[in-house]
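Q: This is the content of input08.pdb (PDB, C-alpha atoms):
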ATOM      1  CA  MET A 240     -13.145   2.794 -26.662
ATOM      2  CA  ARG A 241     -13.301  -0.570 -24.882
ATOM      3  CA  ALA A 242     -12.803  -0.619 -21.146
ATOM      4  CA  ALA A 243     -13.200  -2.924 -18.154
ATOM      5  CA  VAL A 244     -16.044  -1.407 -16.140
ATOM      6  CA  VAL A 245     -16.914  -2.061 -12.484
ATOM      7  CA  ASP A 246     -20.402  -0.710 -11.722
ATOM      8  CA  ARG A 247     -20.759  -2.366  -8.313
ATOM      9  CA  TYR A 248     -18.467  -3.898  -5.749
ATOM     10  CA  GLY A 249     -18.120  -7.650  -5.796
ATOM     11  CA  PRO A 250     -16.189 -10.692  -7.040
ATOM     12  CA  PRO A 251     -14.203 -10.753 -10.298
ATOM     13  CA  ASP A 252     -17.263 -11.444 -12.423
ATOM     14  CA  VAL A 253     -18.730  -7.999 -11.692
ATOM     15  CA  VAL A 254     -16.227  -6.638 -14.212
ATOM     16  CA  ARG A 255     -17.720  -6.181 -17.658
ATOM     17  CA  ILE A 256     -16.225  -5.040 -20.954
ATOM     18  CA  ALA A 257     -18.076  -2.080 -22.437
ATOM     19  CA  GLU A 258     -17.770   0.742 -24.927
ATOM     20  CA  VAL A 259     -17.196   4.050 -23.130
ATOM     21  CA  SER A 260     -16.268   7.510 -24.287
ATOM     22  CA  THR A 261     -12.628   8.063 -25.169
ATOM     23  CA  PRO A 262     -11.214  10.756 -22.865
ATOM     24  CA  VAL A 263     -10.113  14.058 -24.320
ATOM     25  CA  PRO A 264      -6.852  15.444 -22.943
ATOM     26  CA  ARG A 265      -7.267  18.734 -21.124
ATOM     27  CA  ALA A 266      -4.620  21.387 -20.642
ATOM     28  CA  GLY A 267      -1.438  19.796 -19.358
ATOM     29  CA  GLU A 268      -2.587  16.251 -20.125
ATOM     30  CA  VAL A 269      -1.639  13.593 -22.629
ATOM     31  CA  LEU A 270      -3.875  10.933 -24.132
ATOM     32  CA  VAL A 271      -2.151   7.548 -24.081
ATOM     33  CA  ARG A 272      -3.132   4.499 -26.075
ATOM     34  CA  VAL A 273      -2.645   1.834 -23.419
ATOM     35  CA  VAL A 274      -0.551  -1.142 -24.520
ATOM     36  CA  ALA A 275      -0.216  -2.732 -21.077
ATOM     37  CA  ALA A 276      -1.693  -2.079 -17.634
ATOM     38  CA  ALA A 277      -1.125  -3.824 -14.317
ATOM     39  CA  VAL A 278      -3.916  -5.576 -12.405
ATOM     40  CA  THR A 279      -2.806  -5.092  -8.818
ATOM     41  CA  SER A 280      -3.853  -5.984  -5.300
ATOM     42  CA  GLY A 281      -4.936  -2.357  -4.981
ATOM     43  CA  ASP A 282      -7.270  -2.707  -7.952
ATOM     44  CA  ALA A 283      -8.696  -5.902  -6.459
ATOM     45  CA  ARG A 284      -9.308  -4.245  -3.092
ATOM     46  CA  ILE A 285     -11.253  -1.430  -4.721
ATOM     47  CA  ARG A 286     -13.225  -3.805  -6.976
ATOM     48  CA  ALA A 287     -14.306  -5.896  -3.985
ATOM     49  CA  ALA A 288     -14.501  -3.043  -1.429
ATOM     50  CA  ARG A 289     -12.047  -5.180   0.534
ATOM     51  CA  PHE A 290     -10.180  -2.365   2.215
ATOM     52  CA  PRO A 291      -7.541  -2.810   4.957
ATOM     53  CA  ARG A 292      -9.020  -3.048   8.439
ATOM     54  CA  GLY A 293     -10.287   0.289   9.684
ATOM     55  CA  PHE A 294     -10.450   1.945   6.253
ATOM     56  CA  GLY A 295     -13.977   0.885   5.274
ATOM     57  CA  LEU A 296     -15.810   3.954   6.580
ATOM     58  CA  ILE A 297     -13.189   6.221   5.027
ATOM     59  CA  ALA A 298     -12.915   4.435   1.688
ATOM     60  CA  ARG A 299     -16.613   4.196   0.846
ATOM     61  CA  PRO A 300     -17.186   7.971   0.727
ATOM     62  CA  ALA A 301     -13.963   8.384  -1.231
ATOM     63  CA  PHE A 302     -14.468   5.618  -3.795
ATOM     64  CA  GLY A 303     -18.263   5.265  -3.844
ATOM     65  CA  TRP A 304     -20.892   3.646  -1.632
ATOM     66  CA  SER A 305     -22.269   0.816  -3.777
ATOM     67  CA  GLY A 306     -19.653   0.790  -6.503
ATOM     68  CA  PRO A 307     -16.561   2.688  -7.630
ATOM     69  CA  ARG A 308     -17.292   6.308  -8.446
ATOM     70  CA  ARG A 309     -14.691   5.911 -11.187
ATOM     71  CA  PRO A 310     -15.818   2.606 -12.727
ATOM     72  CA  VAL A 311     -12.732   2.057 -14.892
ATOM     73  CA  LEU A 312     -10.058   0.863 -12.488
ATOM     74  CA  GLY A 313      -6.317   0.466 -12.989
ATOM     75  CA  GLY A 314      -3.607   2.828 -11.863
ATOM     76  CA  THR A 315      -0.505   1.748 -13.809
ATOM     77  CA  PHE A 316       0.057   1.842 -17.554
ATOM     78  CA  SER A 317       2.504   1.799 -20.416
ATOM     79  CA  GLY A 318       1.635   2.866 -23.928
ATOM     80  CA  THR A 319       2.002   5.347 -26.752
ATOM     81  CA  VAL A 320       0.979   8.985 -26.736
ATOM     82  CA  GLU A 321      -1.986   9.494 -29.046
ATOM     83  CA  ALA A 322      -2.504  13.236 -28.521
ATOM     84  CA  VAL A 323      -1.434  16.052 -26.217
ATOM     85  CA  GLY A 324      -3.506  18.760 -24.601
ATOM     86  CA  PRO A 325      -2.780  22.484 -24.621
ATOM     87  CA  GLY A 326       0.394  23.543 -22.861
ATOM     88  CA  VAL A 327       2.178  20.195 -23.013
ATOM     89  CA  GLU A 328       5.820  20.457 -23.967
ATOM     90  CA  GLY A 329       8.514  17.844 -24.331
ATOM     91  CA  ILE A 330       6.081  15.015 -25.119
ATOM     92  CA  ALA A 331       4.606  14.369 -28.549
ATOM     93  CA  ALA A 332       2.265  11.938 -30.246
ATOM     94  CA  GLY A 333       4.082   8.686 -30.914
ATOM     95  CA  ASP A 334       6.230   8.769 -27.771
ATOM     96  CA  ASP A 335       6.261   5.626 -25.657
ATOM     97  CA  VAL A 336       5.536   6.542 -22.038
ATOM     98  CA  CYS A 337       4.443   4.948 -18.799
ATOM     99  CA  GLY A 338       3.268   6.077 -15.391
ATOM    100  CA  MET A 339       0.638   5.890 -12.675
ATOM    101  CA  THR A 340      -2.668   7.710 -12.385
ATOM    102  CA  GLY A 341      -3.335   7.671  -8.636
ATOM    103  CA  LEU A 342      -6.954   7.990  -7.562
ATOM    104  CA  ARG A 343      -7.975   8.949 -11.111
ATOM    105  CA  MET A 344      -7.399   5.294 -12.115
ATOM    106  CA  GLY A 345      -8.733   4.517 -15.620
ATOM    107  CA  THR A 346      -5.916   2.431 -17.123
ATOM    108  CA  HIS A 347      -7.949  -0.755 -17.735
ATOM    109  CA  ALA A 348      -9.041   0.697 -21.051
ATOM    110  CA  GLU A 349      -7.764   1.316 -24.549
ATOM    111  CA  PHE A 350      -6.993   4.965 -23.745
ATOM    112  CA  VAL A 351      -6.261   6.999 -20.638
ATOM    113  CA  ALA A 352      -5.788  10.747 -20.183
ATOM    114  CA  VAL A 353      -3.157  11.618 -17.599
ATOM    115  CA  PRO A 354      -1.263  14.767 -16.549
ATOM    116  CA  ALA A 355       1.930  15.002 -18.552
ATOM    117  CA  LYS A 356       3.945  15.565 -15.370
ATOM    118  CA  ARG A 357       2.992  12.063 -14.176
ATOM    119  CA  VAL A 358       4.472  10.178 -17.136
ATOM    120  CA  VAL A 359       8.034   9.244 -18.044
ATOM    121  CA  ARG A 360       9.494   7.975 -21.270
ATOM    122  CA  LYS A 361       9.741   4.237 -21.606
ATOM    123  CA  PRO A 362      13.227   3.079 -22.585
ATOM    124  CA  ALA A 363      13.300   1.148 -25.849
ATOM    125  CA  GLU A 364      14.991  -1.747 -24.042
ATOM    126  CA  VAL A 365      11.984  -2.213 -21.738
ATOM    127  CA  SER A 366       8.809  -3.861 -22.999
ATOM    128  CA  HIS A 367       5.440  -2.277 -22.320
ATOM    129  CA  GLU A 368       4.534  -5.312 -20.211
ATOM    130  CA  ASP A 369       7.619  -4.953 -18.020
ATOM    131  CA  ALA A 370       7.132  -1.190 -17.708
ATOM    132  CA  ALA A 371       3.539  -1.612 -16.564
ATOM    133  CA  GLY A 372       4.548  -4.450 -14.282
ATOM    134  CA  VAL A 373       7.409  -2.786 -12.425
ATOM    135  CA  LEU A 374       5.916   0.551 -11.410
ATOM    136  CA  PHE A 375       3.336  -0.348  -8.735
ATOM    137  CA  GLY A 376       5.348  -2.776  -6.636
ATOM    138  CA  GLY A 377       8.681  -1.326  -7.609
ATOM    139  CA  SER A 378       7.929   2.227  -6.561
ATOM    140  CA  THR A 379       6.535   0.990  -3.231
ATOM    141  CA  ALA A 380       9.591  -1.150  -2.520
ATOM    142  CA  LEU A 381      11.925   1.670  -3.495
ATOM    143  CA  HIS A 382      10.126   4.190  -1.290
ATOM    144  CA  PHE A 383      10.111   2.047   1.835
ATOM    145  CA  LEU A 384      13.658   0.702   1.517
ATOM    146  CA  ARG A 385      15.364   3.902   0.448
ATOM    147  CA  GLY A 386      17.986   4.989   2.977
ATOM    148  CA  ARG A 387      17.206   2.088   5.305
ATOM    149  CA  VAL A 388      19.283  -0.722   3.797
ATOM    150  CA  THR A 389      23.066  -0.700   4.166
ATOM    151  CA  ARG A 390      25.746  -3.196   3.262
ATOM    152  CA  GLY A 391      25.734  -6.039   5.756
ATOM    153  CA  ALA A 392      22.228  -5.313   7.027
ATOM    154  CA  SER A 393      19.748  -8.134   7.571
ATOM    155  CA  VAL A 394      16.397  -7.724   5.805
ATOM    156  CA  LEU A 395      13.231  -9.817   6.138
ATOM    157  CA  VAL A 396      10.743  -9.487   3.262
ATOM    158  CA  VAL A 397       7.300 -10.917   4.042
ATOM    159  CA  GLY A 398       5.450 -11.642   0.817
ATOM    160  CA  ALA A 399       8.701 -11.981  -1.110
ATOM    161  CA  SER A 400       7.115 -13.383  -4.280
ATOM    162  CA  GLY A 401       4.537 -10.620  -4.785
ATOM    163  CA  ALA A 402       4.652  -7.389  -6.760
ATOM    164  CA  ILE A 403       6.372  -5.423  -4.001
ATOM    165  CA  GLY A 404       8.369  -8.327  -2.623
ATOM    166  CA  THR A 405      10.049  -9.439  -5.855
ATOM    167  CA  THR A 406      11.469  -5.953  -6.322
ATOM    168  CA  ALA A 407      12.286  -5.469  -2.634
ATOM    169  CA  VAL A 408      14.352  -8.667  -2.496
ATOM    170  CA  GLN A 409      16.403  -7.506  -5.484
ATOM    171  CA  LEU A 410      16.920  -3.943  -4.261
ATOM    172  CA  ALA A 411      17.984  -5.009  -0.776
ATOM    173  CA  ALA A 412      20.328  -7.736  -2.032
ATOM    174  CA  GLN A 413      21.925  -5.366  -4.541
ATOM    175  CA  ASP A 414      22.531  -2.894  -1.714
ATOM    176  CA  GLY A 415      24.560  -5.558   0.055
ATOM    177  CA  ALA A 416      22.002  -6.790   2.577
ATOM    178  CA  THR A 417      21.459 -10.387   3.609
ATOM    179  CA  VAL A 418      17.853 -10.997   2.603
ATOM    180  CA  VAL A 419      15.472 -13.577   4.027
ATOM    181  CA  GLY A 420      12.289 -13.978   2.019
ATOM    182  CA  VAL A 421       8.988 -15.275   3.354
ATOM    183  CA  THR A 422       6.938 -17.050   0.702
ATOM    184  CA  SER A 423       5.492 -20.461  -0.083
ATOM    185  CA  GLY A 424       7.750 -23.392  -0.881
ATOM    186  CA  ALA A 425       6.536 -23.317  -4.481
ATOM    187  CA  ASN A 426       8.129 -19.885  -4.955
ATOM    188  CA  ALA A 427      11.293 -20.490  -2.935
ATOM    189  CA  ALA A 428      13.561 -21.025  -5.942
ATOM    190  CA  LEU A 429      12.353 -17.819  -7.575
ATOM    191  CA  VAL A 430      12.966 -15.763  -4.434
ATOM    192  CA  ARG A 431      16.471 -17.220  -4.064
ATOM    193  CA  ASP A 432      17.193 -16.433  -7.710
ATOM    194  CA  LEU A 433      16.159 -12.829  -7.061
ATOM    195  CA  GLY A 434      18.785 -12.535  -4.337
ATOM    196  CA  ALA A 435      17.465 -13.968  -1.086
ATOM    197  CA  ALA A 436      20.080 -15.805   0.969
ATOM    198  CA  ARG A 437      17.403 -17.862   2.689
ATOM    199  CA  VAL A 438      13.681 -18.533   2.346
ATOM    200  CA  VAL A 439      11.113 -19.155   5.087
ATOM    201  CA  ASP A 440       8.243 -21.292   3.796
ATOM    202  CA  HIS A 441       5.234 -19.777   5.549
ATOM    203  CA  THR A 442       3.204 -22.925   4.930
ATOM    204  CA  ARG A 443       5.614 -24.824   7.189
ATOM    205  CA  THR A 444       7.060 -22.206   9.530
ATOM    206  CA  GLY A 445       5.049 -19.462  11.187
ATOM    207  CA  LEU A 446       6.599 -16.044  11.636
ATOM    208  CA  ASP A 447       6.175 -16.511  15.376
ATOM    209  CA  GLU A 448       8.658 -19.394  15.073
ATOM    210  CA  VAL A 449      11.364 -17.262  13.455
ATOM    211  CA  THR A 450      14.108 -16.623  16.019
ATOM    212  CA  ASP A 451      16.366 -14.363  13.942
ATOM    213  CA  ARG A 452      16.332 -10.603  14.411
ATOM    214  CA  PHE A 453      16.510  -8.190  11.484
ATOM    215  CA  ASP A 454      17.632  -4.642  10.818
ATOM    216  CA  VAL A 455      14.716  -4.174   8.422
ATOM    217  CA  VAL A 456      11.391  -6.038   8.334
ATOM    218  CA  LEU A 457       9.226  -5.234   5.298
ATOM    219  CA  ASP A 458       5.726  -6.736   5.450
ATOM    220  CA  THR A 459       4.319  -6.296   1.958
ATOM    221  CA  VAL A 460       1.084  -8.209   2.530
ATOM    222  CA  GLY A 461      -0.218  -7.119   5.939
ATOM    223  CA  ARG A 462       0.540 -10.378   7.704
ATOM    224  CA  LEU A 463       2.236  -8.958  10.826
ATOM    225  CA  SER A 464       0.746  -7.110  13.735
ATOM    226  CA  THR A 465       2.911  -4.263  14.947
ATOM    227  CA  ALA A 466       3.819  -6.221  18.073
ATOM    228  CA  ALA A 467       4.772  -9.307  16.049
ATOM    229  CA  GLY A 468       6.850  -7.185  13.706
ATOM    230  CA  ARG A 469       8.684  -5.448  16.550
ATOM    231  CA  ARG A 470       9.614  -8.845  17.983
ATOM    232  CA  LEU A 471      11.574  -9.579  14.809
ATOM    233  CA  LEU A 472      13.691  -6.403  14.988
ATOM    234  CA  THR A 473      17.196  -5.818  16.212
ATOM    235  CA  ASP A 474      17.649  -3.055  18.775
ATOM    236  CA  ASP A 475      17.979  -0.478  15.995
ATOM    237  CA  GLY A 476      15.753  -2.223  13.468
ATOM    238  CA  VAL A 477      12.836  -0.700  11.585
ATOM    239  CA  LEU A 478       9.440  -2.211  10.744
ATOM    240  CA  LEU A 479       7.977  -1.169   7.381
ATOM    241  CA  LEU A 480       4.246  -1.660   6.761
ATOM    242  CA  PRO A 481       3.071  -0.659   3.254
ATOM    243  CA  ALA A 482      -0.106  -2.761   3.711
ATOM    244  CA  ALA A 483      -0.959  -1.376   7.147
ATOM    245  CA  THR A 484      -4.328  -1.227   8.848
ATOM    246  CA  LEU A 485      -5.702   2.164   9.851
ATOM    247  CA  GLY A 486      -4.673   1.522  13.451
ATOM    248  CA  GLN A 487      -1.122   0.675  12.425
ATOM    249  CA  MET A 488      -0.896   3.853  10.366
ATOM    250  CA  LEU A 489      -2.181   6.059  13.167
ATOM    251  CA  LEU A 490       0.180   4.527  15.729
ATOM    252  CA  ALA A 491       3.258   4.265  13.498
ATOM    253  CA  ARG A 492       6.166   6.194  14.949
ATOM    254  CA  GLY A 493       9.776   5.705  15.878
ATOM    255  CA  ARG A 494      10.947   2.388  14.490
ATOM    256  CA  VAL A 495       7.628   1.670  12.754
ATOM    257  CA  ARG A 496       6.832   3.219   9.374
ATOM    258  CA  ALA A 497       3.498   2.753   7.634
ATOM    259  CA  GLY A 498       1.449   4.333   4.879
ATOM    260  CA  THR A 499       1.326   4.696   1.132
ATOM    261  CA  SER A 500       4.155   5.519  -1.213
ATOM    262  CA  PRO A 501       4.237   8.578  -3.480
ATOM    263  CA  GLU A 502       3.862   7.959  -7.188
ATOM    264  CA  ASP A 503       7.060   9.823  -8.035
ATOM    265  CA  PRO A 504       8.047   9.938 -11.735
ATOM    266  CA  ALA A 505      11.689  10.204 -10.674
ATOM    267  CA  ASP A 506      11.328   6.780  -9.046
ATOM    268  CA  PHE A 507       9.666   5.435 -12.200
ATOM    269  CA  ALA A 508      12.629   6.620 -14.270
ATOM    270  CA  LEU A 509      15.108   5.033 -11.864
ATOM    271  CA  LEU A 510      13.312   1.676 -11.903
ATOM    272  CA  LEU A 511      13.025   1.695 -15.699
ATOM    273  CA  GLU A 512      16.708   2.524 -16.049
ATOM    274  CA  ARG A 513      17.643  -0.476 -13.899
ATOM    275  CA  VAL A 514      15.328  -2.741 -15.878
ATOM    276  CA  ALA A 515      16.818  -1.449 -19.138
ATOM    277  CA  LYS A 516      20.346  -2.197 -17.874
ATOM    278  CA  GLY A 517      19.375  -5.702 -16.822
ATOM    279  CA  GLU A 518      19.918  -4.899 -13.149
ATOM    280  CA  LEU A 519      16.287  -5.443 -12.135
ATOM    281  CA  ALA A 520      14.080  -8.332 -13.226
ATOM    282  CA  VAL A 521      10.347  -7.817 -13.639
ATOM    283  CA  VAL A 522       8.437 -10.917 -12.578
ATOM    284  CA  LEU A 523       5.233 -11.428 -14.536
ATOM    285  CA  ASP A 524       2.715 -14.023 -13.399
ATOM    286  CA  ARG A 525       0.782 -13.730 -16.643
ATOM    287  CA  VAL A 526      -0.239 -11.346 -19.422
ATOM    288  CA  VAL A 527      -3.891 -11.448 -20.515
ATOM    289  CA  GLY A 528      -6.169  -9.610 -22.899
ATOM    290  CA  LEU A 529      -8.823  -7.179 -21.695
ATOM    291  CA  ASP A 530     -11.546  -9.795 -22.245
ATOM    292  CA  ASP A 531      -9.800 -12.022 -19.682
ATOM    293  CA  ILE A 532      -9.407  -9.417 -16.954
ATOM    294  CA  ALA A 533     -11.827 -11.295 -14.673
ATOM    295  CA  SER A 534      -9.395 -14.230 -14.660
ATOM    296  CA  ALA A 535      -6.620 -11.814 -13.731
ATOM    297  CA  TYR A 536      -8.659 -10.645 -10.752
ATOM    298  CA  GLU A 537      -9.339 -14.249  -9.770
ATOM    299  CA  ARG A 538      -5.608 -14.875  -9.685
ATOM    300  CA  VAL A 539      -5.009 -11.781  -7.531
ATOM    301  CA  ASP A 540      -7.825 -12.764  -5.173
ATOM    302  CA  SER A 541      -6.384 -16.276  -4.785
ATOM    303  CA  GLY A 542      -3.356 -14.889  -2.958
ATOM    304  CA  ARG A 543      -1.096 -16.990  -5.187
ATOM    305  CA  LYS A 544      -0.111 -14.297  -7.684
ATOM    306  CA  VAL A 545       3.622 -14.293  -8.341
ATOM    307  CA  GLY A 546       5.017 -10.870  -9.158
ATOM    308  CA  ASN A 547       2.720  -8.903 -11.416
ATOM    309  CA  ILE A 548      -0.260  -9.487 -13.692
ATOM    310  CA  VAL A 549      -0.585  -7.378 -16.803
ATOM    311  CA  VAL A 550      -3.552  -6.834 -19.099
ATOM    312  CA  ARG A 551      -3.253  -5.730 -22.734
ATOM    313  CA  PRO A 552      -6.282  -3.622 -23.724
TER
END
For the file at hand, write its structure as structure tokens.
A:
Amino acid sequence: MRAAVVDRYGPPDVVRIAEVSTPVPRAGEVLVRVVAAAVTSGDARIRAARFPRGFGLIARPAFGWSGPRRPVLGGTFSGTVEAVGPGVEGIAAGDDVCGMTGLRMGTHAEFVAVPAKRVVRKPAEVSHEDAAGVLFGGSTALHFLRGRVTRGASVLVVGASGAIGTTAVQLAAQDGATVVGVTSGANAALVRDLGAARVVDHTRTGLDEVTDRFDVVLDTVGRLSTAAGRRLLTDDGVLLLPAATLGQMLLARGRVRAGTSPEDPADFALLLERVAKGELAVVLDRVVGLDDIASAYERVDSGRKVGNIVVRP
């Protein structure tokens, strides 16, 4: 099968397209023919060994010293089941499914083998591109906002036009919050259309100039220090840091929450249901073929990606 292979860490042009062995599904796994896969900020960090501050010495042994130990990156996919391994029930060849693969990665390829328990059925009303696009940022936004946004609450979303932010703005607004989105002026109209009551153009106004206080501050891009984030909170507010440094994670307690989100299939199903009903919009920056995946990485690295980028192997 064809796959995007990263043999060594570096810029987007280290990615090469190569023929690799098609995986064989083991017991409890399904083999999926990938129709669409997201190219995320997480993929770009691994490709470039550009890990959040403090994680370098931890990440290298985990992912590989000079290059990714698993050279086919990509953790989000949507496609069609090609075959099932022993013991799989309830899923058959021909079913349209989607999901995330965690540290196994491997979705930037024509096929991926994944545990059956990690996939969900794709609704017919949702395209493969939208399914692949919504899961990474959507599941993170859902995890961090769940139970923390109430009607009438004030919510600040930093990085409101990104993969996490575009979903977070919608979820918070639909829960009845007053949402302020931080993005560039070029993306202000989009963020307002998604549900933000107001937009702060970070190219004109620094977060240290914002005088409002918020019940929830969600920093999706790692722009805020913990101290700067706390300054933006109401007395009972909470600071959410999905793109935290190691120090922020270790010191997060009380009104500060940091870390990764679980890749929960129940959350995937909920997000897909809302997309299918037209309640949640999936923002796609672009859809490219596998041969153009380097250009997708260039767009991610530029910091100007809007929503999600999807590759079609």
Q: In the coordinate frame of the file, compute which residues have an atom within 10 Å of (-10.7, -8.0, -22.3) when using all atoms listed in the file, and state them as a PyMOL selection string.
A: chain A and resi 241-243+254-257+347-348+527-534+550-552
Q: Could you spell out the hits of the PyMOL selection byres ((chain A and resi 285) around 10) on the shown file, as number ranges by chain?
A: A: 245, 248-249, 280-284, 286-290, 298-299, 302-303, 306-307, 312-313
Q: Mind writing the picked residues with C-alpha atoms as a PDB file, in the coordinates of the input?
A:
ATOM      1  CA  VAL A 245     -16.914  -2.061 -12.484  1.00  0.00           C
ATOM      2  CA  TYR A 248     -18.467  -3.898  -5.749  1.00  0.00           C
ATOM      3  CA  GLY A 249     -18.120  -7.650  -5.796  1.00  0.00           C
ATOM      4  CA  SER A 280      -3.853  -5.984  -5.300  1.00  0.00           C
ATOM      5  CA  GLY A 281      -4.936  -2.357  -4.981  1.00  0.00           C
ATOM      6  CA  ASP A 282      -7.270  -2.707  -7.952  1.00  0.00           C
ATOM      7  CA  ALA A 283      -8.696  -5.902  -6.459  1.00  0.00           C
ATOM      8  CA  ARG A 284      -9.308  -4.245  -3.092  1.00  0.00           C
ATOM      9  CA  ARG A 286     -13.225  -3.805  -6.976  1.00  0.00           C
ATOM     10  CA  ALA A 287     -14.306  -5.896  -3.985  1.00  0.00           C
ATOM     11  CA  ALA A 288     -14.501  -3.043  -1.429  1.00  0.00           C
ATOM     12  CA  ARG A 289     -12.047  -5.180   0.534  1.00  0.00           C
ATOM     13  CA  PHE A 290     -10.180  -2.365   2.215  1.00  0.00           C
ATOM     14  CA  ALA A 298     -12.915   4.435   1.688  1.00  0.00           C
ATOM     15  CA  ARG A 299     -16.613   4.196   0.846  1.00  0.00           C
ATOM     16  CA  PHE A 302     -14.468   5.618  -3.795  1.00  0.00           C
ATOM     17  CA  GLY A 303     -18.263   5.265  -3.844  1.00  0.00           C
ATOM     18  CA  GLY A 306     -19.653   0.790  -6.503  1.00  0.00           C
ATOM     19  CA  PRO A 307     -16.561   2.688  -7.630  1.00  0.00           C
ATOM     20  CA  LEU A 312     -10.058   0.863 -12.488  1.00  0.00           C
ATOM     21  CA  GLY A 313      -6.317   0.466 -12.989  1.00  0.00           C
TER      22      GLY A 313
END
Q: Calculated over all atoms listed in the file, which of the candidates A:Thr405, A:Leu433, A:Leu296, A:Thr261 has the smallest distance to Ser378 of chain A?
A: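 Selected residue with least distance to Ser378 of chain A: A:Thr405.
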Q: What do you get, as a PDB file with C-alpha atoms, in the coordinates of the input, if you spell out every residue that the PyMOL selection byres ((chain A and resi 461-473) around 9) selects here?
A:
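Once written, result.pdb looks like this:
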ATOM      1  CA  PRO A 291      -7.541  -2.810   4.957  1.00  0.00           C
ATOM      2  CA  LEU A 395      13.231  -9.817   6.138  1.00  0.00           C
ATOM      3  CA  VAL A 397       7.300 -10.917   4.042  1.00  0.00           C
ATOM      4  CA  GLY A 398       5.450 -11.642   0.817  1.00  0.00           C
ATOM      5  CA  LEU A 446       6.599 -16.044  11.636  1.00  0.00           C
ATOM      6  CA  ASP A 447       6.175 -16.511  15.376  1.00  0.00           C
ATOM      7  CA  VAL A 449      11.364 -17.262  13.455  1.00  0.00           C
ATOM      8  CA  THR A 450      14.108 -16.623  16.019  1.00  0.00           C
ATOM      9  CA  ASP A 451      16.366 -14.363  13.942  1.00  0.00           C
ATOM     10  CA  ARG A 452      16.332 -10.603  14.411  1.00  0.00           C
ATOM     11  CA  PHE A 453      16.510  -8.190  11.484  1.00  0.00           C
ATOM     12  CA  ASP A 454      17.632  -4.642  10.818  1.00  0.00           C
ATOM     13  CA  VAL A 455      14.716  -4.174   8.422  1.00  0.00           C
ATOM     14  CA  VAL A 456      11.391  -6.038   8.334  1.00  0.00           C
ATOM     15  CA  LEU A 457       9.226  -5.234   5.298  1.00  0.00           C
ATOM     16  CA  ASP A 458       5.726  -6.736   5.450  1.00  0.00           C
ATOM     17  CA  THR A 459       4.319  -6.296   1.958  1.00  0.00           C
ATOM     18  CA  VAL A 460       1.084  -8.209   2.530  1.00  0.00           C
ATOM     19  CA  ASP A 474      17.649  -3.055  18.775  1.00  0.00           C
ATOM     20  CA  ASP A 475      17.979  -0.478  15.995  1.00  0.00           C
ATOM     21  CA  GLY A 476      15.753  -2.223  13.468  1.00  0.00           C
ATOM     22  CA  VAL A 477      12.836  -0.700  11.585  1.00  0.00           C
ATOM     23  CA  LEU A 478       9.440  -2.211  10.744  1.00  0.00           C
ATOM     24  CA  LEU A 479       7.977  -1.169   7.381  1.00  0.00           C
ATOM     25  CA  LEU A 480       4.246  -1.660   6.761  1.00  0.00           C
ATOM     26  CA  PRO A 481       3.071  -0.659   3.254  1.00  0.00           C
ATOM     27  CA  ALA A 482      -0.106  -2.761   3.711  1.00  0.00           C
ATOM     28  CA  ALA A 483      -0.959  -1.376   7.147  1.00  0.00           C
ATOM     29  CA  THR A 484      -4.328  -1.227   8.848  1.00  0.00           C
ATOM     30  CA  GLN A 487      -1.122   0.675  12.425  1.00  0.00           C
ATOM     31  CA  ALA A 491       3.258   4.265  13.498  1.00  0.00           C
ATOM     32  CA  ARG A 494      10.947   2.388  14.490  1.00  0.00           C
ATOM     33  CA  VAL A 495       7.628   1.670  12.754  1.00  0.00           C
TER      34      VAL A 495
END
Q: Carefully work through the PyMOL selection byres ((chain A and resi 417) around 8) for this structure and note down the residues it includes, as a PDB file with C-alpha atoms, in the coordinates of the input.
A:
ATOM      1  CA  GLY A 391      25.734  -6.039   5.756  1.00  0.00           C
ATOM      2  CA  ALA A 392      22.228  -5.313   7.027  1.00  0.00           C
ATOM      3  CA  SER A 393      19.748  -8.134   7.571  1.00  0.00           C
ATOM      4  CA  VAL A 394      16.397  -7.724   5.805  1.00  0.00           C
ATOM      5  CA  ALA A 411      17.984  -5.009  -0.776  1.00  0.00           C
ATOM      6  CA  ALA A 412      20.328  -7.736  -2.032  1.00  0.00           C
ATOM      7  CA  GLY A 415      24.560  -5.558   0.055  1.00  0.00           C
ATOM      8  CA  ALA A 416      22.002  -6.790   2.577  1.00  0.00           C
ATOM      9  CA  VAL A 418      17.853 -10.997   2.603  1.00  0.00           C
ATOM     10  CA  VAL A 419      15.472 -13.577   4.027  1.00  0.00           C
ATOM     11  CA  ALA A 435      17.465 -13.968  -1.086  1.00  0.00           C
ATOM     12  CA  ALA A 436      20.080 -15.805   0.969  1.00  0.00           C
TER      13      ALA A 436
END
Q: Reconstruct N, CA and C atoms of segment 539-543 of chain A; output as a short mmCIF file (atom, residue, chain, number, x, y, z; two decimals), keeping the file's coordinate frame.
A:
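After the write, rebuild-v4.cif holds the following:
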data_model
loop_
_atom_site.label_atom_id
_atom_site.label_comp_id
_atom_site.auth_asym_id
_atom_site.auth_seq_id
_atom_site.Cartn_x
_atom_site.Cartn_y
_atom_site.Cartn_z
N VAL A 539 -5.39 -12.69 -8.62
CA VAL A 539 -5.01 -11.78 -7.53
C VAL A 539 -5.73 -12.18 -6.25
N ASP A 540 -7.03 -12.42 -6.35
CA ASP A 540 -7.82 -12.76 -5.17
C ASP A 540 -7.38 -14.08 -4.53
N SER A 541 -6.79 -14.97 -5.31
CA SER A 541 -6.38 -16.28 -4.78
C SER A 541 -5.24 -16.17 -3.78
N GLY A 542 -4.51 -15.05 -3.82
CA GLY A 542 -3.36 -14.89 -2.96
C GLY A 542 -2.13 -15.63 -3.46
N ARG A 543 -2.21 -16.22 -4.64
CA ARG A 543 -1.10 -16.99 -5.19
C ARG A 543 -0.41 -16.29 -6.36
#
